[in-house]
Structures are given as C-alpha cells and as structure tokens.
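Q: Handing you this structure, nothing more for now.
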Amino acid sequence: MRRHSAVSSSCSPYGPILGVETSCDETAAAVVGPDRKVWANIVFSQHDLHNRYGGVVPELASRRHIERIETTVSEALRAAQLRWSDLKAVAVTQGPGLAGALLVGVSYAKAAAFALKLPFVGVSHLEAHIASAWIEDREFPIPCVVLVVSGGHTHLYLVRSDGFYSLLGQTLDDAAGEAFDKAAQMLGLGYPGGPAIDRLARTGDPGAVRFPRAHLKKGSLDFSFSGLKTALLYHLRDRNGAVRDVQKADLAASFQEAIVDVLVIKAFEAVRRHRVPALAVVGGVSANSRLRARLAGQAAEAGIRLGLPSLAYCTDNAAMVAAAGLNALERGRRSTWELESDAELSLAAIAVDSSPDAERP
Ligand code: KG4
Ligand code: ZN
C-alpha cells in the first residue's frame, strides 16, 4: 500500500513542468503549468511503423524515439509558448515498459534537468495513468476505485481517504489491451488492435457468439483473459479461417462485449464492496467506446461518480507524466542523477513516501 499523490488543488511551485514519455511506441512530451492545467500535449505515435509487424518491435521503437524526442519536446515547448529557461521541473516515465525505449526518455529528461539545474523526478507509468483521472477534474473524489486498463496492465486500485492506495485485483495473465491486440491480429485487423476492434464492433452483434467470461473464484477482483483469447482462436480454427467480413464484425463485437462485461462487473463490485462514491477508469482501453458507454450507464444507475479522461489522456501521453511528476515533487519525492530506467518497475517500488506514516496499512 502506497501513498497516493494524484491530488492537490493549489498553485504548484514546480510548474511549468516538462513531462517525457517513451515507455512503448509513443514519443510524447507535455507541459503542465503551475495552475495544473495542460499547456501542451504532443504525442508522436509510432503505430504506422509497427503496424506492418503486427505489434511493437522494441528495437525499432527505441530508434524512432531517438529520432523523435528532440522535435517532440521542442514542439511541446513551442505549443506552451515557453523557453527552456521557463521550466521549473522535469518528469519522466522511469518504467515499466520497453527497456531500450525507456532509456531514451530517461536519458533525455535527465540531461535536460541536469543542464537546466532543475528538480527531476522519475514516475511509474502506472502512477501516471492513475494521475490522468485528475487532469480534467481536480475535484474528483477520494476515496475512489481506479481501474487501469492498458496494453500491459489490468489493475484495480482503491485510493483511500487517508491518501494511500492499495491493489484490489489484477490480471493473472493477459492485460485487457493485450487481449484486444491479439484478437485483432487473429482477425487480421492490424496493430493496435483495440481501436480496430472498437470500430468494427460498431457494426456487429455483441450477442452473436457467447465467449467465456472469466470471473475466477467467487468474489475475486482478479482478471483473466487468456481463456477468452483461446476461445476466439478455436472459433476461427473450427471455421478454417473462412470468416466473412460481416462475421468478423460480429466476432469483434462479441469479443469486445466479453471483455467489457468483466471489466464493468468487477470495477463496480470493487466500488460496492469498498463503499466509495466514485470510479475512475484510465489507460488505453478506457478509450473503448463500448466500455465508456457501459460504464456511464451503470454509473448513472448506481449513483456513482465516473471519471473517464478524454481520449487524449487515455492512451499514452506525457501530460499524465507531468501531472504525476508535479504531485510527486510536491510530496518531496525527487530523483537523483543516478536514476535508471527500469523495465519491470513496480508501482510500490517507486511511490516512496518520506513521511513517518509511509508504510501505514
Ligand atoms: O495505455 P496505452 O496507450 O499503452 C500501454 O500502457 O499499454 O494502452 C494501449 C492499449 C493497446 O492494447 C490498445 O489496443 C488499447 O490500449 N486501446 C484500446 C482502444 N484504444 C487503445 N482498446 C480498446 N478500445 C480502444 N478504443
Ligand atoms: Zn500506458
């Protein structure tokens, strides 16, 4: 259990802060001002580069980050109408993610902070996604439940009123986004799979095929999507791959519905069990239109406040990194020049709190 640092309402002495994100296949830079508003949010997606391989090729991603990082940061500064000397701090995604890709962002951000003699902080990609829930709604309530659904994570957290957060459940195998990506590959829809399935599913029947929903043992808030993926594989194999386009749309809609069902049920079960008034859903998969609609319907029915970032803050971006960095610095967290990128970084390892009650359960 770690101290949550996503929320603070007053003006920040660490803004404008530059955020840098290179953990996967987006080269991103952003500026968050002392007013905690996003002054610039620039994302260079590498999807075109990786699409032809059906997924992210780590070596190509690192090289493209090296080529893009300078122009991305310059563009963010230009969009924010700032000079380098106007910055008050620098934040970067330290991990988790692709080792080589992370290294580019961390080296660049560290060099910039060192040259400018600015406070520097490495943040977890997960903590950044969580912070995105407060970017557009600084009054979003705490305590609340946050569901992080991305290509690498399906994690449910309780953010408690004493400021700590605790992990309530996580995927035991594939992440939700990974399941979307693999299904899209099987259906020949290219990479990234989530948006492709989302689009195609709009013309399909979500009830066409009843794919399995893994609820695991009674009351569990953990997730599992590997059985669902296998069910789609067997479904296609039984038809020798001869699936017409209209059937593809039905399969996309049915597959999507199975994932959305489980996410919605477990997220609201967590809300009910912990008696909190609010639920935030963040990360790339929270851009899914069906998930957003189902969450909105259920939240209205249950009288729960729903936090869903705008699409620009769902998928990887650096505004969430800058926002998380601002909060971390305000809590007294600061990285040294020895900071290294960490592909396996766990949230618990980074959100270290120097206050005496840091380890309080
Ligand atoms: O947060 P994110 O941009 O990167 C990671 O941290 O992984 O999430 C990327 C994931 C990918 O798996 C992508 O397919 C999925 O989010 N995604 C979606 C949608 N947009 C992106 N999944 C379902 N529906 C979408 N509209
Ligand atoms: Zn992400």
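If you're wondering about the labels, chains in the structure tokens are A, B, ... by order shown, residues count from 1 in each chain, ligands from 1 in order shown.
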Listing only residues of segment 273-343 of chain A within 9 Å of segment 19-39 of chain A, what is the closest atom pair and its distance in Å (to one decimal) for each, using only C-alpha atoms, sorted by chain and residue number ascending, as JSON lines?
A:
```
{"residue": "A:Asp316", "atom": "CA", "partner": "A:Glu26", "partner_atom": "CA", "distance": 6.6}
{"residue": "A:Asn317", "atom": "CA", "partner": "A:Ala28", "partner_atom": "CA", "distance": 5.6}
{"residue": "A:Ala318", "atom": "CA", "partner": "A:Ala29", "partner_atom": "CA", "distance": 5.0}
{"residue": "A:Ala319", "atom": "CA", "partner": "A:Ala30", "partner_atom": "CA", "distance": 5.0}
{"residue": "A:Met320", "atom": "CA", "partner": "A:Gly19", "partner_atom": "CA", "distance": 7.8}
{"residue": "A:Val321", "atom": "CA", "partner": "A:Gly19", "partner_atom": "CA", "distance": 5.3}
{"residue": "A:Ala322", "atom": "CA", "partner": "A:Gly19", "partner_atom": "CA", "distance": 4.1}
{"residue": "A:Ala323", "atom": "CA", "partner": "A:Val32", "partner_atom": "CA", "distance": 6.5}
{"residue": "A:Ala324", "atom": "CA", "partner": "A:Gly19", "partner_atom": "CA", "distance": 9.0}
{"residue": "A:Gly325", "atom": "CA", "partner": "A:Gly19", "partner_atom": "CA", "distance": 7.5}
{"residue": "A:Leu326", "atom": "CA", "partner": "A:Val32", "partner_atom": "CA", "distance": 8.2}
{"residue": "A:Ala343", "atom": "CA", "partner": "A:Ser23", "partner_atom": "CA", "distance": 8.4}
```
Q: Please, which residues in chain A fall within 8 Å of ligand 2 when counting only C-alpha atoms and all ligand atoms, and what is the closest atom pair and distance in Å to one decimal for each, ordered by chain then residue number, as CSV?
A:
```
residue,atom,partner,partner_atom_place_in_ligand_line,distance
A:Ser23,CA,ligand 2,1 (Zn),8.0
A:Cys24,CA,ligand 2,1 (Zn),7.9
A:His125,CA,ligand 2,1 (Zn),6.4
A:Leu126,CA,ligand 2,1 (Zn),7.2
A:His129,CA,ligand 2,1 (Zn),6.5
A:Ser150,CA,ligand 2,1 (Zn),5.6
A:Gly151,CA,ligand 2,1 (Zn),6.7
A:Gly152,CA,ligand 2,1 (Zn),7.3
A:Gly283,CA,ligand 2,1 (Zn),5.5
A:Gly284,CA,ligand 2,1 (Zn),6.1
A:Cys314,CA,ligand 2,1 (Zn),7.9
A:Thr315,CA,ligand 2,1 (Zn),6.0
A:Asp316,CA,ligand 2,1 (Zn),4.7
A:Asn317,CA,ligand 2,1 (Zn),7.8
```
Q: Please produce an output containing N, CA, C and O atoms for each residue in the selection, written as a tab-separated table (two decimals), in the first residue's frame.
A:
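Written out: again37.tsv:
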```
chain	number	residue	atom	x	y	z
A	23	SER	N	7.80	5.02	-23.00
A	23	SER	CA	7.86	3.65	-22.48
A	23	SER	C	7.51	2.59	-23.51
A	23	SER	O	7.89	1.44	-23.38
A	24	CYS	N	6.77	2.96	-24.57
A	24	CYS	CA	6.38	1.96	-25.55
A	24	CYS	C	6.51	2.52	-26.97
A	24	CYS	O	7.63	2.77	-27.42
A	125	HIS	N	4.83	4.47	-14.93
A	125	HIS	CA	3.84	4.62	-15.99
A	125	HIS	C	2.43	4.42	-15.42
A	125	HIS	O	1.46	5.07	-15.84
A	126	LEU	N	2.32	3.55	-14.44
A	126	LEU	CA	1.02	3.26	-13.82
A	126	LEU	C	0.52	4.45	-12.99
A	126	LEU	O	-0.65	4.82	-13.04
A	129	HIS	N	-0.78	6.97	-15.38
A	129	HIS	CA	-2.14	6.69	-15.85
A	129	HIS	C	-3.16	7.03	-14.74
A	129	HIS	O	-4.21	7.61	-15.02
A	150	SER	N	-4.75	-1.13	-19.78
A	150	SER	CA	-3.89	-0.72	-20.89
A	150	SER	C	-3.34	-1.94	-21.59
A	150	SER	O	-3.82	-3.06	-21.36
A	151	GLY	N	-2.31	-1.73	-22.43
A	151	GLY	CA	-1.71	-2.86	-23.12
A	151	GLY	C	-0.94	-3.77	-22.18
A	151	GLY	O	-0.76	-4.95	-22.45
A	152	GLY	N	-0.48	-3.21	-21.07
A	152	GLY	CA	0.33	-4.01	-20.15
A	152	GLY	C	-0.31	-4.25	-18.80
A	152	GLY	O	0.19	-5.04	-18.00
A	283	GLY	N	-6.16	4.55	-18.82
A	283	GLY	CA	-5.32	3.67	-19.66
A	283	GLY	C	-5.94	3.52	-21.04
A	283	GLY	O	-7.12	3.83	-21.26
A	284	GLY	N	-5.16	3.01	-21.98
A	284	GLY	CA	-5.56	2.94	-23.39
A	284	GLY	C	-6.92	2.33	-23.63
A	284	GLY	O	-7.70	2.83	-24.45
A	314	CYS	N	-6.25	9.06	-22.32
A	314	CYS	CA	-6.41	7.62	-22.06
A	314	CYS	C	-5.19	6.86	-22.56
A	314	CYS	O	-4.52	6.16	-21.81
A	315	THR	N	-4.91	7.01	-23.84
A	315	THR	CA	-3.75	6.32	-24.42
A	315	THR	C	-2.49	7.09	-24.00
A	315	THR	O	-2.57	8.21	-23.49
A	316	ASP	N	-1.35	6.45	-24.23
A	316	ASP	CA	-0.11	7.01	-23.68
A	316	ASP	C	0.13	8.45	-24.10
A	316	ASP	O	0.01	8.80	-25.28
A	317	ASN	N	0.50	9.25	-23.12
A	317	ASN	CA	0.74	10.67	-23.33
A	317	ASN	C	1.67	11.15	-22.23
A	317	ASN	O	1.90	10.44	-21.25
```
Q: Write as a ChimeraX atom specification the residues around ligand 1, taking 10 Å as the cut-off and counting only C-alpha atoms and all ligand atoms.
A: /A:23-26,45,55,96-97,125-126,128-129,148-154,175-184,191-199,201,256,259-260,282-292,311-317
Q: Save the residues we just selected, C-alpha atoms, as a tab-separated table (two decimals), in the first residue's frame?
A:
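Dumped to part07.tsv:
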```tsv
chain	number	residue	atom	x	y	z
A	23	SER	CA	7.86	3.65	-22.48
A	24	CYS	CA	6.38	1.96	-25.55
A	25	ASP	CA	5.52	3.22	-29.03
A	26	GLU	CA	4.54	6.82	-28.41
A	45	SER	CA	2.63	7.80	-32.43
A	55	GLY	CA	2.94	-5.47	-32.87
A	96	PRO	CA	7.63	-0.21	-16.60
A	97	GLY	CA	7.92	-0.57	-20.37
A	125	HIS	CA	3.84	4.62	-15.99
A	126	LEU	CA	1.02	3.26	-13.82
A	128	ALA	CA	0.94	8.46	-14.46
A	129	HIS	CA	-2.14	6.69	-15.85
A	148	VAL	CA	-6.10	0.89	-15.01
A	149	VAL	CA	-6.67	-0.90	-18.32
A	150	SER	CA	-3.89	-0.72	-20.89
A	151	GLY	CA	-1.71	-2.86	-23.12
A	152	GLY	CA	0.33	-4.01	-20.15
A	153	HIS	CA	-1.98	-3.63	-17.15
A	154	THR	CA	-5.40	-4.53	-15.85
A	175	ALA	CA	-3.88	-7.47	-19.93
A	176	ALA	CA	-7.17	-6.29	-21.45
A	177	GLY	CA	-5.38	-4.27	-24.14
A	178	GLU	CA	-3.15	-7.22	-24.95
A	179	ALA	CA	-6.27	-9.38	-25.43
A	180	PHE	CA	-7.68	-6.77	-27.83
A	181	ASP	CA	-4.39	-6.64	-29.73
A	182	LYS	CA	-4.10	-10.43	-30.02
A	183	ALA	CA	-7.73	-10.82	-31.10
A	184	ALA	CA	-7.25	-8.14	-33.76
A	191	TYR	CA	-2.00	-3.12	-34.80
A	192	PRO	CA	-3.03	-1.58	-32.44
A	193	GLY	CA	-5.97	-3.92	-32.13
A	194	GLY	CA	-8.14	-2.09	-29.60
A	195	PRO	CA	-9.21	0.81	-31.82
A	196	ALA	CA	-9.69	-1.55	-34.81
A	197	ILE	CA	-11.98	-3.87	-32.85
A	198	ASP	CA	-13.80	-0.90	-31.34
A	199	ARG	CA	-14.53	0.45	-34.87
A	201	ALA	CA	-17.66	-3.87	-33.40
A	256	GLN	CA	-15.31	-6.86	-27.00
A	259	ILE	CA	-14.01	-8.07	-22.01
A	260	VAL	CA	-16.26	-5.11	-21.25
A	282	VAL	CA	-7.87	5.05	-17.15
A	283	GLY	CA	-5.32	3.67	-19.66
A	284	GLY	CA	-5.56	2.94	-23.39
A	285	VAL	CA	-8.53	0.56	-23.16
A	286	SER	CA	-10.58	3.24	-21.37
A	287	ALA	CA	-10.79	4.85	-24.84
A	288	ASN	CA	-13.06	1.97	-25.89
A	289	SER	CA	-16.45	3.37	-26.87
A	290	ARG	CA	-18.46	0.37	-25.71
A	291	LEU	CA	-16.68	0.29	-22.33
A	292	ARG	CA	-17.29	4.03	-21.88
A	311	LEU	CA	-9.32	10.17	-25.25
A	312	ALA	CA	-6.07	12.17	-25.46
A	313	TYR	CA	-5.33	11.29	-21.83
A	314	CYS	CA	-6.41	7.62	-22.06
A	315	THR	CA	-3.75	6.32	-24.42
A	316	ASP	CA	-0.11	7.01	-23.68
A	317	ASN	CA	0.74	10.67	-23.33
```
Q: Could you tell me which of A:Tyr14, A:Phe120, A:Phe164, A:Phe268 comes closest to Leu221 of chain A if we count only C-alpha atoms?
A: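 Result for the nearest residue to Leu221 of chain A: A:Phe268.
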Q: Using only C-alpha atoms, which residues sit within 7 Å of Gly169 of chain A once same-chain residues fewer than 5 positions away are excluded, as a list in words?
A: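 Counting only the stated atoms, we get His155, Leu156, Leu221 and Asp222 of chain A.
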Q: Would you output that residue set with all heavy atoms, as an mmCIF file, in the first residue's frame?
A:
```
data_model
loop_
_atom_site.group_PDB
_atom_site.id
_atom_site.type_symbol
_atom_site.label_atom_id
_atom_site.label_comp_id
_atom_site.auth_asym_id
_atom_site.auth_seq_id
_atom_site.Cartn_x
_atom_site.Cartn_y
_atom_site.Cartn_z
ATOM 1 N N HIS A 155 -5.334 -3.428 -13.704
ATOM 2 C CA HIS A 155 -5.133 -3.332 -12.261
ATOM 3 C C HIS A 155 -6.251 -2.497 -11.636
ATOM 4 O O HIS A 155 -6.554 -1.405 -12.127
ATOM 5 C CB HIS A 155 -3.798 -2.650 -11.952
ATOM 6 C CG HIS A 155 -2.595 -3.541 -12.098
ATOM 7 N ND1 HIS A 155 -2.411 -4.368 -13.167
ATOM 8 C CD2 HIS A 155 -1.522 -3.718 -11.284
ATOM 9 C CE1 HIS A 155 -1.267 -5.032 -13.011
ATOM 10 N NE2 HIS A 155 -0.712 -4.657 -11.869
ATOM 11 N N LEU A 156 -6.806 -3.024 -10.551
ATOM 12 C CA LEU A 156 -7.843 -2.297 -9.803
ATOM 13 C C LEU A 156 -7.236 -1.778 -8.500
ATOM 14 O O LEU A 156 -6.690 -2.572 -7.713
ATOM 15 C CB LEU A 156 -8.963 -3.268 -9.429
ATOM 16 C CG LEU A 156 -10.279 -3.250 -10.183
ATOM 17 C CD1 LEU A 156 -11.196 -4.334 -9.631
ATOM 18 C CD2 LEU A 156 -10.974 -1.894 -10.165
ATOM 19 N N LEU A 221 -11.443 -10.169 -7.371
ATOM 20 C CA LEU A 221 -11.346 -8.971 -8.197
ATOM 21 C C LEU A 221 -10.170 -9.074 -9.174
ATOM 22 O O LEU A 221 -9.764 -8.090 -9.787
ATOM 23 C CB LEU A 221 -11.223 -7.722 -7.313
ATOM 24 C CG LEU A 221 -12.465 -7.396 -6.473
ATOM 25 C CD1 LEU A 221 -12.212 -6.214 -5.544
ATOM 26 C CD2 LEU A 221 -13.692 -7.118 -7.355
ATOM 27 N N ASP A 222 -9.637 -10.288 -9.317
ATOM 28 C CA ASP A 222 -8.600 -10.520 -10.322
ATOM 29 C C ASP A 222 -9.251 -10.772 -11.679
ATOM 30 O O ASP A 222 -10.451 -11.035 -11.763
ATOM 31 C CB ASP A 222 -7.731 -11.724 -9.936
ATOM 32 C CG ASP A 222 -6.790 -11.399 -8.779
ATOM 33 O OD1 ASP A 222 -6.406 -10.216 -8.648
ATOM 34 O OD2 ASP A 222 -6.468 -12.309 -8.006
#
```
Q: Using only C-alpha atoms, which residue out of A:Gly303, A:Pro13, A:Gly188, A:Pro309 lies closest to Val276 of chain A?
A: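 Smallest separation from Val276 of chain A among the options: A:Gly303.
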Q: Determine which residues of segment 117-245 of chain A receive a DSSP assignment of alpha helix (DSSP H), computed from the backbone, and state them as an MDAnalysis selection string.
A: chainID A and resid 125:131 176:186 193:201 226:238 245
Q: Go through segment 211-231 of chain A and flag each residue having an atom no more than 10 Å from segment 261-267 of chain A; for those, report the closest pair of atoms plus their distance in Å to one decimal, using only C-alpha atoms, ordered by chain and rising number, as a tab-separated table.
A:
```
residue	atom	partner	partner_atom	distance
A:Pro212	CA	A:Val262	CA	10.0
A:Arg213	CA	A:Val262	CA	6.4
A:Ala214	CA	A:Val262	CA	7.4
A:His215	CA	A:Val262	CA	7.1
A:Gly219	CA	A:Lys266	CA	9.0
A:Ser220	CA	A:Lys266	CA	8.3
A:Leu221	CA	A:Lys266	CA	5.9
A:Asp222	CA	A:Lys266	CA	8.2
A:Phe223	CA	A:Val262	CA	7.9
A:Ser224	CA	A:Val262	CA	9.3
A:Phe225	CA	A:Val262	CA	9.5
```
Q: Give me the residues within 10 Å of Gly307 of chain A as a ChimeraX atom specification, counting only C-alpha atoms and dropping any in the same chain fewer than 5 places off.
A: /A:132-134,136-137,140-141,144-146,278-282,295-296,299
Q: Please save C-alpha atoms of the selected residues as a short mmCIF file (atom, residue, chain, number, x, y, z; two decimals), in the first residue's frame.
A:
```
data_model
loop_
_atom_site.label_atom_id
_atom_site.label_comp_id
_atom_site.auth_asym_id
_atom_site.auth_seq_id
_atom_site.Cartn_x
_atom_site.Cartn_y
_atom_site.Cartn_z
CA SER A 132 -4.77 11.17 -15.57
CA ALA A 133 -8.06 10.77 -13.68
CA TRP A 134 -7.45 14.15 -12.03
CA GLU A 136 -9.51 17.40 -16.13
CA ASP A 137 -11.34 17.03 -12.83
CA PHE A 140 -12.64 14.04 -8.47
CA PRO A 141 -13.47 12.44 -5.10
CA CYS A 144 -12.45 6.07 -5.06
CA VAL A 145 -11.67 2.99 -7.09
CA VAL A 146 -9.35 3.32 -10.11
CA ALA A 278 -16.53 7.25 -7.34
CA LEU A 279 -14.87 5.12 -10.01
CA ALA A 280 -12.17 6.23 -12.47
CA VAL A 281 -11.18 4.15 -15.48
CA VAL A 282 -7.87 5.05 -17.15
CA LEU A 295 -19.61 2.40 -17.56
CA ALA A 296 -21.66 5.57 -17.98
CA ALA A 299 -22.62 4.66 -13.01
#
```
Q: Could you pull the residues within 8 Å of segment 236-249 of chain A, counting only C-alpha atoms, minus those fewer than 6 positions along the same chain, as a PyMOL selection string?
A: chain A and resi 187+200-205
Q: Neighbouring residues of Pro206 of chain A were defined as those with any atom within 6 Å, considering only C-alpha atoms; residues of the same chain fewer than 6 positions away were excluded. Please report them as a PyMOL selection string.
A: chain A and resi 253-254+257
Q: Take the residues from that selection and write them out as a PDB file, in the first residue's frame, keeping N, CA and C atoms.
A:
```
ATOM      1  N   ALA A 253     -17.478  -7.623 -32.041  1.00  0.00           N
ATOM      2  CA  ALA A 253     -18.449  -7.115 -31.064  1.00  0.00           C
ATOM      3  C   ALA A 253     -18.621  -8.097 -29.904  1.00  0.00           C
ATOM      4  N   SER A 254     -18.648  -9.390 -30.204  1.00  0.00           N
ATOM      5  CA  SER A 254     -18.843 -10.399 -29.160  1.00  0.00           C
ATOM      6  C   SER A 254     -17.619 -10.496 -28.255  1.00  0.00           C
ATOM      7  N   GLU A 257     -17.478  -7.435 -26.095  1.00  0.00           N
ATOM      8  CA  GLU A 257     -18.505  -7.479 -25.049  1.00  0.00           C
ATOM      9  C   GLU A 257     -18.058  -8.339 -23.862  1.00  0.00           C
TER      10      GLU A 257
END
```
Q: For Arg78 of chain A, which residue among A:Asn41, A:Gln94, A:Gly100, A:Ala328 is the nearest when counting only C-alpha atoms?
A: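 Of all the options, A:Asn41 lies closest to Arg78 of chain A.
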Q: How many Å lie between atom CA of Val73 of chain A and atom CA of Ala112 of chain A, rounded to one decimal?
A: 10.4 Å
Q: Any idea what's packed within 12 Å of Arg52 of chain A, counting only C-alpha atoms, ignoring anything in its chain fewer than 2 positions away? Could you give it as a ChimeraX atom specification?
A: /A:46-50,54-57,185,188-192
Q: Rounded to one decimal in Å, what is the spacing between atom CA of Ala80 of chain A and atom CA of Ile130 of chain A?
A: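 Between atom CA of Ala80 of chain A and atom CA of Ile130 of chain A the gap is 23.6 Å.
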Q: Report the distance between atom CA of Arg68 of chain A and atom CA of Thr336 of chain A in Å, rounded to one decimal place.
A: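 Distance reported for this atom pair: 25.2 Å.
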